[in-house]
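K.L.:
Dumping the structure here so I can ask a few things about it.
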Amino acid sequence: MKNRLRFLLLSAFAIALLPGHARADATTPPEWAGIVNIEVSVLFPDYREPWNAGQPSGGSGTGFLIGKNRFLTNAHVVSNATRILIRTTDDPKPHPAKIVHIAHDCDLAIIEAENPETFAKMTTLDFGSIPRLNTEVIAIGYPIGGDRMSVTRGVVSRIDFRPYSHTSVDSHLCVQVDAAINPGNSGGPVMQNGKVVGVAFQGFSGRVAQNVGYMIPVPVIKRFLTDIEDGRYDHYVDLAVSDFPVENPAQRQALGLQDDGVGVMIGDVEPAGTVGELLKPGDVILAIDGNPVLNNGLVRIEGDLVNMNEIVERKFAGDTIQLSYLRGGKKEDASLKLKRFSPYVRLGSQYNQRPRYLVYAGLVFQPLDRNLVDAHQIRDATVNYVFERYLTDKLYVERPEPVVLTSILPDQVNTWLTPYAQSLVDEINGVTIKTLDDVKTALAKNDKPFIEIRLHEKNRPLILKRDLADTAHPRIMQTYSIQEDSYLGQE
Amino acid sequence: MQRLLFLLVCGLCVSAAAQTAAKKRVAPSAPVSATQSSSLLKVNVTAQPYDLHLPWQKQSPINSRGLGVVVAGNRVLVTAQLVADANYIEIELPDGGQKLAAKVIAVDYEANLALLESAINAEKEKAFFAGLKPMEVDANARIGDSLNVWQTGRVGDLIESPLTISKILVRRYVVEGSGFLVYETTGIIRSEANSFTLPVIKGGKLAGMLLSYDSKNQVATILPGPIVEHFLKDFADGAYEGFPGLGMEFQVTLDGQLREYLGLKPESPGVLVTAVIKGASAEKAGLKKGDILLAINGQTIDARGDYKDPRYGALSSSHIVRGNAYVGDDFELKVIREGKEETLKGKLTRKNPDDYLVTPYRFDKGPRYILNGGLLFQELSRPYLDSFGEQQTENSALLRLSHIARHPDELEEAGLKKLVFLSTVLPTPSAQGYDQLGGIVVNKVNGQSVGDLKDLDAAFKAIKGTTHVIELDDFPHVLHLDAVAAEQDNLRLQGGAYRISSLKRLE
């Protein structure tokens, strides 16, 4: 999943548009004026020194007006933003903007100008539907290679269910086009017959694939817009199962399936997911909401074969779903309320979050997630195992938030402990560490002269004398210039 | 494979005298003699390790050349590395070039030593060994002693490289779990046509065998005389038992706060026992995790885990048992448990590689496997995991297998002898749809628990109906295999493109 280029241009655009280059060309429709350049200053959180603010940087993308002072863009364009400026082709003035809604799981965001009057009179763009294969589309935006609006043209190459690289752990419907989509195009509209049919968002880097660009299609955008109607984004819901295609004749027979191509086996079930209490491996899903599920896990929607998740994708938390499944050759039906499955989130990149941590006597504790693993380039086999197998081995059930002793800031009090950096914490002072908050609770236990930290799969406990550690703590904070000894999240 | 093959890069001068002169020019500080040793033999080996991923076949043959030392009874001592997975071994007289096929009569891959004997009839053997003189072992080298590495030139002339012992310590030899005594020496060893397994001589006696040479730092490690002596002594009665081990791990107690927590007085010796291997000597004697180990066989263990060796000074305590004691010897551990001193007694044993859940090493014999309808089942081994190199930390299935390999205790408690896993799937009609699977632990087959491959073999025979039910520990948890179709595929696998010689190896 690493080979997908994220179209966030990391170097700031320094060039302001010159006055006098005012009006867009007479041949361009007036509603194109609502396609704007979004200039973003960002602060990349520092997961190695989580007490620091992070690394300032900048980027640029595209957005377009879809309602009164409402611009749609990609979540990755405005992620970790400290300042957002909207720039248009016919106005030299930057317009400060802010995020209204951001959905990292489908890489979409709504921003609005701080001054609602600015874009009050501008025409908005309308949405079309999923374009057919081999029909022409144009992508409009502000990609690299120049400062003014760019238009590229191509056809719809493929409609498929694909991973979205912003989080790297979410997959949704995705439309591939061969119109050039380059860094900076992100968040811009892809249009057909004057209607928006998608939001350009990612491409393929590397030398293997050519002319491969992806856009977020209308069903995903519509779902996002519906979700935020109540003023809050509630995320996607998920069956949280892994299906195993039934290709083997013996498998098919043993599972009690007909030879009609219907039915996909459940290979794994997340206990915390929607069907966690209903299905188990070896069950066979026959139909979702009356749509037969084929042996390879596909369903037919509007004439096209798509992943069965697509049915669930278009629903919301609390919606019901009808499942027909086989267990031991017997057909069962069930009606379930869909819910969000959140443990997977920490396996993907997360944004707009201040890193959580706790430092005590030079020992730095942080919750295990993708951001931490990437920043620390963890080499410890146990931490890597727990991270990789967090879902598959259902480790989240026991430890919703595994805590890593990420680093040890050397001081005389902890000098013998430094080899134990990058270890997974099991318990502290007898308290099982299930979340970062537990570390705080456990360290506060003051009934013994020693602090005893047990690590997973390490050969000795880490021992600190309470009085020595308490004395060393402020000294270490000062030497390493740490202002706050913990950030555990918003109260 | 850590096998080095030295190529003869330049033709050597023909006459011994001219050669001496040439040598002097190259390395004037290293005196050389044109004499010949009557105790050295060339050893030529063709080795062919098994393919760990397609276990019915072998990898390409590798030729290695080394030196052997003649010891009593017309036997030849070499390193085990040289003869590992050997198909064919021959010994050669350095001067005359006569060759004799040889065979391994004792080998210890942990101690990295092997003993060879003629594979041909006694008469030929007698003639071959007639001019050779057995060499004695010197087990008394100390730090500062001068040694000589012996090599032979093209016509059997002796080439000596002097070394000085700078350190004596305990270090891993080749395979996992092989911490033994080594001499670390400094000096230049010139590269000759023989590879490793070079004898190291002190005063005409064998002081050790070369283990490794770092030419950049001119540091060599030597498998020392005491270990050679132990190996030969053990074999003297014809039944080789190997080096015993306590089977435990400890942590140093230098950290003052840890010492206080453990209740150790500042001047008290002792290390913290952090793991006790199931079924090994220490466990049988009652040693427990969390004990403070104070002494082994009366030798006090300091906070670093060292003891005072009368010959070598501070040395890792593992040498007390591994290098000095024999299987069957009594041993005694002094520990502190819950604040009280206790003495634990037992008899030393050795845990064979096959006694481990995850086989630490395996040579000469092919990996065990069962192939059924394209599904390949194997028993997890260290070499198998190591063969993936860096991938081990990236591939999800391998991460899980490696995780299990690091923590065999629970599974051993549950009665598993080996860890059987589905290693790969060859594309066959009966395994249609399964070809992407691999690296998944097998729990049950046809309702029977699988504790090793023999269990699996029996379970396949205990089929109910005509479909095998294979229960896995991980996604997709259950596979079905049509027994009749699998049998047809088995025939095809043996005769078809794969030309698989046998569908299983259980020994």
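Ordering of the structure tokens sets the chain letters (A, B, ...); residue numbers start at 1 within each chain; ligands are numbered from 1 in the order shown.
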Residues of chain A within 9 Å of chain B, counting only C-alpha atoms, what are they? List them as number ranges by chain.
P.N.:
A: 242-255, 265-268, 281-282, 379, 381-382, 384-385, 388-389, 392-393, 413, 415-417, 449-450, 457, 459-465
K.L.:
So which residues touch Leu294 (chain A) within 12 Å, counting only C-alpha atoms, skipping near sequence neighbours fewer than 3 positions away, as a list in words?
P.N.:
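My list of contacting residues is Asp243, Phe244, Pro245, Val246, Glu247, Leu257, Gln258, Asp259, Asp260, Gly261, Val262, Gly263, Val264, Met265, Val284, Ile285, Leu286, Ala287, Ile288, Asn291, Gly297, Leu298, Val299, Arg300, Leu305, Val306, Asn307 and Met308 of chain A.
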K.L.:
Interatomic distance between CA of Asn297 (chain B) and CA of Gly279 (chain B)?
P.N.:
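If I compute the distance from CA of Asn297 (chain B) to CA of Gly279 (chain B), I get 20.2 Å.
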K.L.:
Write out as an MDAnalysis selection string which residues come within 9 Å of Leu375 (chain B) when counting only C-alpha atoms, dropping same-chain ones fewer than 2 positions away.
P.N.:
chainID B and resid 370:373 377 422:428 431 434:435
K.L.:
Region 224-259 of chain B: which residues are strand (DSSP E or B) by DSSP, as a count of residues only?
P.N.:
6
K.L.:
Quick check for you: according to DSSP on this backbone, which residues of region 1-241 of chain B are classed as alpha helix (DSSP H)? Reply as a ChimeraX atom specification.
P.N.:
/B:16-26,80-83,122-129,225-235
K.L.:
Could you save those same residues with N, CA and C atoms as a compact mmCIF listing (two decimals), in the first residue's frame?
P.N.:
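So the final result, stored in out-v4.txt, reads:
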# COMPACT_ATOMS: atom_id res chain seq x y z
N ALA B 16 60.69 -25.62 -3.21
CA ALA B 16 60.40 -25.19 -1.85
C ALA B 16 61.30 -24.04 -1.44
N ALA B 17 62.54 -24.06 -1.92
CA ALA B 17 63.49 -23.02 -1.54
C ALA B 17 63.04 -21.67 -2.10
N ALA B 18 62.66 -21.70 -3.37
CA ALA B 18 62.23 -20.46 -4.00
C ALA B 18 60.99 -19.93 -3.29
N GLN B 19 60.16 -20.87 -2.88
CA GLN B 19 58.94 -20.48 -2.21
C GLN B 19 59.24 -19.78 -0.89
N THR B 20 60.19 -20.31 -0.18
CA THR B 20 60.57 -19.71 1.09
C THR B 20 60.99 -18.27 0.87
N ALA B 21 61.79 -18.07 -0.18
CA ALA B 21 62.27 -16.72 -0.47
C ALA B 21 61.08 -15.80 -0.78
N ALA B 22 60.20 -16.31 -1.60
CA ALA B 22 59.03 -15.50 -1.97
C ALA B 22 58.22 -15.13 -0.75
N LYS B 23 58.02 -16.09 0.11
CA LYS B 23 57.26 -15.85 1.34
C LYS B 23 57.91 -14.75 2.16
N LYS B 24 59.22 -14.83 2.25
CA LYS B 24 59.94 -13.87 3.08
C LYS B 24 59.71 -12.46 2.57
N ARG B 25 59.63 -12.37 1.23
CA ARG B 25 59.45 -11.05 0.65
C ARG B 25 58.05 -10.51 0.99
N VAL B 26 57.09 -11.38 0.95
CA VAL B 26 55.71 -10.95 1.18
C VAL B 26 55.49 -10.59 2.65
N ALA B 80 32.78 -29.06 12.47
CA ALA B 80 31.51 -29.63 12.01
C ALA B 80 30.98 -28.87 10.80
N GLN B 81 31.24 -27.56 10.77
CA GLN B 81 30.83 -26.73 9.65
C GLN B 81 31.29 -27.31 8.32
N LEU B 82 32.53 -27.82 8.32
CA LEU B 82 33.13 -28.31 7.08
C LEU B 82 32.36 -29.51 6.52
N VAL B 83 31.86 -30.34 7.42
CA VAL B 83 31.23 -31.58 6.95
C VAL B 83 29.71 -31.58 7.06
N ALA B 122 40.16 -51.63 5.58
CA ALA B 122 41.23 -51.40 6.55
C ALA B 122 42.62 -51.34 5.90
N GLU B 123 42.84 -52.15 4.86
CA GLU B 123 44.17 -52.21 4.28
C GLU B 123 44.58 -50.87 3.66
N LYS B 124 43.66 -50.36 2.88
CA LYS B 124 43.92 -49.06 2.25
C LYS B 124 44.16 -47.99 3.32
N GLU B 125 43.33 -48.10 4.36
CA GLU B 125 43.41 -47.12 5.44
C GLU B 125 44.79 -47.17 6.08
N LYS B 126 45.24 -48.38 6.31
CA LYS B 126 46.53 -48.59 6.97
C LYS B 126 47.66 -47.94 6.16
N ALA B 127 47.61 -48.16 4.85
CA ALA B 127 48.64 -47.61 3.98
C ALA B 127 48.58 -46.09 3.97
N PHE B 128 47.38 -45.58 3.96
CA PHE B 128 47.18 -44.13 3.89
C PHE B 128 47.74 -43.45 5.13
N PHE B 129 47.45 -44.03 6.27
CA PHE B 129 47.84 -43.40 7.54
C PHE B 129 49.26 -43.76 7.97
N GLY B 225 41.48 -25.73 22.68
CA GLY B 225 41.87 -27.07 23.11
C GLY B 225 40.94 -27.72 24.13
N PRO B 226 40.54 -27.00 25.17
CA PRO B 226 39.69 -27.65 26.17
C PRO B 226 38.38 -28.21 25.58
N ILE B 227 37.84 -27.51 24.59
CA ILE B 227 36.59 -27.99 23.98
C ILE B 227 36.88 -29.21 23.09
N VAL B 228 38.02 -29.15 22.38
CA VAL B 228 38.42 -30.30 21.55
C VAL B 228 38.63 -31.52 22.44
N GLU B 229 39.30 -31.28 23.55
CA GLU B 229 39.59 -32.38 24.47
C GLU B 229 38.30 -33.01 25.00
N HIS B 230 37.35 -32.13 25.36
CA HIS B 230 36.06 -32.57 25.89
C HIS B 230 35.35 -33.44 24.85
N PHE B 231 35.37 -32.98 23.61
CA PHE B 231 34.72 -33.67 22.50
C PHE B 231 35.32 -35.07 22.32
N LEU B 232 36.66 -35.14 22.30
CA LEU B 232 37.33 -36.43 22.07
C LEU B 232 37.13 -37.38 23.26
N LYS B 233 37.17 -36.81 24.45
CA LYS B 233 37.00 -37.61 25.66
C LYS B 233 35.59 -38.21 25.69
N ASP B 234 34.61 -37.39 25.35
CA ASP B 234 33.22 -37.83 25.32
C ASP B 234 33.05 -39.00 24.35
N PHE B 235 33.74 -38.91 23.21
CA PHE B 235 33.58 -39.94 22.18
C PHE B 235 34.39 -41.20 22.49
K.L.:
If you count only C-alpha atoms, which residues fall within 7 Å of Thr435 (chain A), apart from same-chain ones fewer than 5 positions away, as a PyMOL selection string?
P.N.:
chain A and resi 400-403
K.L.:
Could those selected residues go to a file with N, CA and C atoms, as a PDB file, in the first residue's frame?
P.N.:
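Result written to out-v3.pdb:
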ATOM      1  N   PRO A 400      -6.944  -2.352  24.476  1.00  0.00           N
ATOM      2  CA  PRO A 400      -7.446  -1.450  23.443  1.00  0.00           C
ATOM      3  C   PRO A 400      -6.367  -0.485  22.948  1.00  0.00           C
ATOM      4  N   GLU A 401      -5.470  -0.113  23.836  1.00  0.00           N
ATOM      5  CA  GLU A 401      -4.453   0.853  23.448  1.00  0.00           C
ATOM      6  C   GLU A 401      -3.098   0.398  23.994  1.00  0.00           C
ATOM      7  N   PRO A 402      -2.417  -0.466  23.275  1.00  0.00           N
ATOM      8  CA  PRO A 402      -1.122  -0.935  23.760  1.00  0.00           C
ATOM      9  C   PRO A 402      -0.194   0.258  23.993  1.00  0.00           C
ATOM     10  N   VAL A 403       0.576   0.200  25.065  1.00  0.00           N
ATOM     11  CA  VAL A 403       1.461   1.323  25.398  1.00  0.00           C
ATOM     12  C   VAL A 403       2.918   0.892  25.212  1.00  0.00           C
TER      13      VAL A 403
END
K.L.:
Find the spatial neighbours of region 176-188 of chain A, counting only C-alpha atoms, within a cut-off of 8 Å - ignore same-chain residues fewer than 4 positions away - and output them as a PyMOL selection string.
P.N.:
chain A and resi 6-9+35+60-64+72-74+77+108+137-144+152-160+199-203+211-215
K.L.:
With C-alpha atoms retained, could you export that selection as a PDB file, in the first residue's frame?
P.N.:
ATOM      1  CA  ARG A   6      -0.324  11.403  -1.837  1.00  0.00           C
ATOM      2  CA  PHE A   7      -1.005  14.541  -3.661  1.00  0.00           C
ATOM      3  CA  LEU A   8      -0.133  16.936  -0.983  1.00  0.00           C
ATOM      4  CA  LEU A   9       2.504  19.247  -2.306  1.00  0.00           C
ATOM      5  CA  ILE A  35     -12.806  26.100  -8.135  1.00  0.00           C
ATOM      6  CA  SER A  60      -1.363  23.357  -1.690  1.00  0.00           C
ATOM      7  CA  GLY A  61      -4.411  21.717  -3.174  1.00  0.00           C
ATOM      8  CA  THR A  62      -7.736  22.441  -4.798  1.00  0.00           C
ATOM      9  CA  GLY A  63     -11.277  22.833  -3.543  1.00  0.00           C
ATOM     10  CA  PHE A  64     -14.617  23.779  -5.043  1.00  0.00           C
ATOM     11  CA  LEU A  72     -15.314  20.526  -0.722  1.00  0.00           C
ATOM     12  CA  THR A  73     -11.740  19.310  -0.761  1.00  0.00           C
ATOM     13  CA  ASN A  74      -9.675  16.321   0.316  1.00  0.00           C
ATOM     14  CA  VAL A  77      -5.160  18.782   1.738  1.00  0.00           C
ATOM     15  CA  LEU A 108     -12.996  14.427   2.254  1.00  0.00           C
ATOM     16  CA  VAL A 137     -14.013  13.497 -18.053  1.00  0.00           C
ATOM     17  CA  ILE A 138     -11.953  16.583 -17.249  1.00  0.00           C
ATOM     18  CA  ALA A 139      -9.977  17.256 -14.065  1.00  0.00           C
ATOM     19  CA  ILE A 140      -9.701  20.850 -12.922  1.00  0.00           C
ATOM     20  CA  GLY A 141      -7.334  22.119 -10.287  1.00  0.00           C
ATOM     21  CA  TYR A 142      -4.096  23.770  -9.338  1.00  0.00           C
ATOM     22  CA  PRO A 143      -1.439  21.097  -9.830  1.00  0.00           C
ATOM     23  CA  ILE A 144       2.327  21.503 -10.099  1.00  0.00           C
ATOM     24  CA  THR A 152      -6.695  17.893 -18.103  1.00  0.00           C
ATOM     25  CA  ARG A 153      -8.823  15.478 -20.049  1.00  0.00           C
ATOM     26  CA  GLY A 154      -9.199  11.720 -20.148  1.00  0.00           C
ATOM     27  CA  VAL A 155     -11.641   8.829 -19.922  1.00  0.00           C
ATOM     28  CA  VAL A 156     -12.956   6.688 -17.093  1.00  0.00           C
ATOM     29  CA  SER A 157     -10.649   3.650 -17.067  1.00  0.00           C
ATOM     30  CA  ARG A 158     -11.986   1.545 -14.218  1.00  0.00           C
ATOM     31  CA  ILE A 159     -14.457   1.521 -11.357  1.00  0.00           C
ATOM     32  CA  ASP A 160     -13.272  -0.485  -8.392  1.00  0.00           C
ATOM     33  CA  VAL A 199     -12.950  14.525  -6.488  1.00  0.00           C
ATOM     34  CA  ALA A 200      -9.394  13.939  -7.743  1.00  0.00           C
ATOM     35  CA  PHE A 201      -7.349  12.563  -4.860  1.00  0.00           C
ATOM     36  CA  GLN A 202      -4.586  10.103  -5.546  1.00  0.00           C
ATOM     37  CA  GLY A 203      -2.445   8.500  -8.200  1.00  0.00           C
ATOM     38  CA  ASN A 211      -1.724   7.556 -16.585  1.00  0.00           C
ATOM     39  CA  VAL A 212      -3.371   6.188 -13.488  1.00  0.00           C
ATOM     40  CA  GLY A 213      -5.241   8.744 -11.455  1.00  0.00           C
ATOM     41  CA  TYR A 214      -8.044   8.154  -8.981  1.00  0.00           C
ATOM     42  CA  MET A 215     -11.063  10.148  -7.969  1.00  0.00           C
TER      43      MET A 215
END
K.L.:
Any idea what's packed within 12 Å of Ala334 (chain A), counting only C-alpha atoms, ignoring anything in its chain fewer than 2 positions away? Could you give it as a PyMOL selection string?
P.N.:
chain A and resi 274-275+277-279+285-290+320-326+331-332+336-337
K.L.:
Could you check how far CA of Val71 (chain B) sits from CA of Tyr240 (chain B), in Å to one decimal?
P.N.:
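Value for the CA of Val71 (chain B)-CA of Tyr240 (chain B) distance: 16.6 Å.
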K.L.:
Please report the interatomic distance between CA of Val219 (chain B) and CA of Glu110 (chain B) in Å with one decimal.
P.N.:
22.0 Å
K.L.:
Ala101 (chain B): which residues within 12 Å, counting only C-alpha atoms, same-chain residues fewer than 5 positions away excluded, as a PDB file with N, CA and C atoms, in the first residue's frame?
P.N.:
ATOM      1  N   LYS B  42      44.537 -32.796   3.990  1.00  0.00           N
ATOM      2  CA  LYS B  42      43.543 -31.964   3.314  1.00  0.00           C
ATOM      3  C   LYS B  42      42.207 -32.703   3.382  1.00  0.00           C
ATOM      4  N   VAL B  43      41.147 -31.962   3.553  1.00  0.00           N
ATOM      5  CA  VAL B  43      39.816 -32.569   3.597  1.00  0.00           C
ATOM      6  C   VAL B  43      38.959 -31.884   2.536  1.00  0.00           C
ATOM      7  N   ASN B  44      38.471 -32.662   1.582  1.00  0.00           N
ATOM      8  CA  ASN B  44      37.636 -32.113   0.509  1.00  0.00           C
ATOM      9  C   ASN B  44      36.201 -32.595   0.707  1.00  0.00           C
ATOM     10  N   VAL B  45      35.289 -31.656   0.695  1.00  0.00           N
ATOM     11  CA  VAL B  45      33.907 -32.010   1.021  1.00  0.00           C
ATOM     12  C   VAL B  45      32.963 -31.467  -0.046  1.00  0.00           C
ATOM     13  N   THR B  46      32.025 -32.305  -0.451  1.00  0.00           N
ATOM     14  CA  THR B  46      30.903 -31.815  -1.259  1.00  0.00           C
ATOM     15  C   THR B  46      29.671 -31.882  -0.375  1.00  0.00           C
ATOM     16  N   ASN B  87      27.721 -34.782   1.249  1.00  0.00           N
ATOM     17  CA  ASN B  87      27.387 -35.935   0.414  1.00  0.00           C
ATOM     18  C   ASN B  87      28.606 -36.840   0.275  1.00  0.00           C
ATOM     19  N   TYR B  88      29.757 -36.190   0.165  1.00  0.00           N
ATOM     20  CA  TYR B  88      30.976 -36.941  -0.082  1.00  0.00           C
ATOM     21  C   TYR B  88      32.136 -36.241   0.616  1.00  0.00           C
ATOM     22  N   ILE B  89      32.938 -37.030   1.335  1.00  0.00           N
ATOM     23  CA  ILE B  89      34.096 -36.473   2.042  1.00  0.00           C
ATOM     24  C   ILE B  89      35.314 -37.288   1.628  1.00  0.00           C
ATOM     25  N   GLU B  90      36.407 -36.608   1.319  1.00  0.00           N
ATOM     26  CA  GLU B  90      37.638 -37.359   1.120  1.00  0.00           C
ATOM     27  C   GLU B  90      38.772 -36.670   1.847  1.00  0.00           C
ATOM     28  N   ILE B  91      39.709 -37.495   2.333  1.00  0.00           N
ATOM     29  CA  ILE B  91      40.905 -36.944   2.952  1.00  0.00           C
ATOM     30  C   ILE B  91      42.051 -37.149   1.981  1.00  0.00           C
ATOM     31  N   GLU B  92      42.992 -36.210   1.984  1.00  0.00           N
ATOM     32  CA  GLU B  92      44.038 -36.207   0.976  1.00  0.00           C
ATOM     33  C   GLU B  92      45.373 -35.930   1.651  1.00  0.00           C
ATOM     34  N   LEU B  93      46.409 -36.693   1.250  1.00  0.00           N
ATOM     35  CA  LEU B  93      47.747 -36.437   1.792  1.00  0.00           C
ATOM     36  C   LEU B  93      48.279 -35.166   1.141  1.00  0.00           C
ATOM     37  N   LEU B 116      36.380 -37.770  11.673  1.00  0.00           N
ATOM     38  CA  LEU B 116      36.232 -38.558  10.455  1.00  0.00           C
ATOM     39  C   LEU B 116      37.035 -39.840  10.559  1.00  0.00           C
ATOM     40  N   GLU B 117      36.621 -40.799   9.745  1.00  0.00           N
ATOM     41  CA  GLU B 117      37.309 -42.067   9.683  1.00  0.00           C
ATOM     42  C   GLU B 117      37.264 -42.514   8.225  1.00  0.00           C
ATOM     43  N   SER B 118      38.177 -43.400   7.865  1.00  0.00           N
ATOM     44  CA  SER B 118      38.164 -43.913   6.505  1.00  0.00           C
ATOM     45  C   SER B 118      36.844 -44.632   6.223  1.00  0.00           C
ATOM     46  N   ALA B 119      36.347 -44.426   5.006  1.00  0.00           N
ATOM     47  CA  ALA B 119      35.112 -45.121   4.631  1.00  0.00           C
ATOM     48  C   ALA B 119      35.439 -46.388   3.852  1.00  0.00           C
ATOM     49  N   ILE B 120      36.722 -46.637   3.614  1.00  0.00           N
ATOM     50  CA  ILE B 120      37.172 -47.752   2.768  1.00  0.00           C
ATOM     51  C   ILE B 120      37.783 -48.830   3.673  1.00  0.00           C
ATOM     52  N   ASN B 121      38.158 -49.984   3.059  1.00  0.00           N
ATOM     53  CA  ASN B 121      38.621 -51.119   3.852  1.00  0.00           C
ATOM     54  C   ASN B 121      39.925 -50.842   4.598  1.00  0.00           C
ATOM     55  N   LYS B 124      43.663 -50.357   2.885  1.00  0.00           N
ATOM     56  CA  LYS B 124      43.924 -49.063   2.250  1.00  0.00           C
ATOM     57  C   LYS B 124      44.156 -47.995   3.316  1.00  0.00           C
ATOM     58  N   GLU B 125      43.333 -48.096   4.364  1.00  0.00           N
ATOM     59  CA  GLU B 125      43.409 -47.116   5.439  1.00  0.00           C
ATOM     60  C   GLU B 125      44.787 -47.167   6.085  1.00  0.00           C
ATOM     61  N   PHE B 128      47.379 -45.581   3.955  1.00  0.00           N
ATOM     62  CA  PHE B 128      47.182 -44.131   3.887  1.00  0.00           C
ATOM     63  C   PHE B 128      47.740 -43.449   5.134  1.00  0.00           C
TER      64      PHE B 128
END
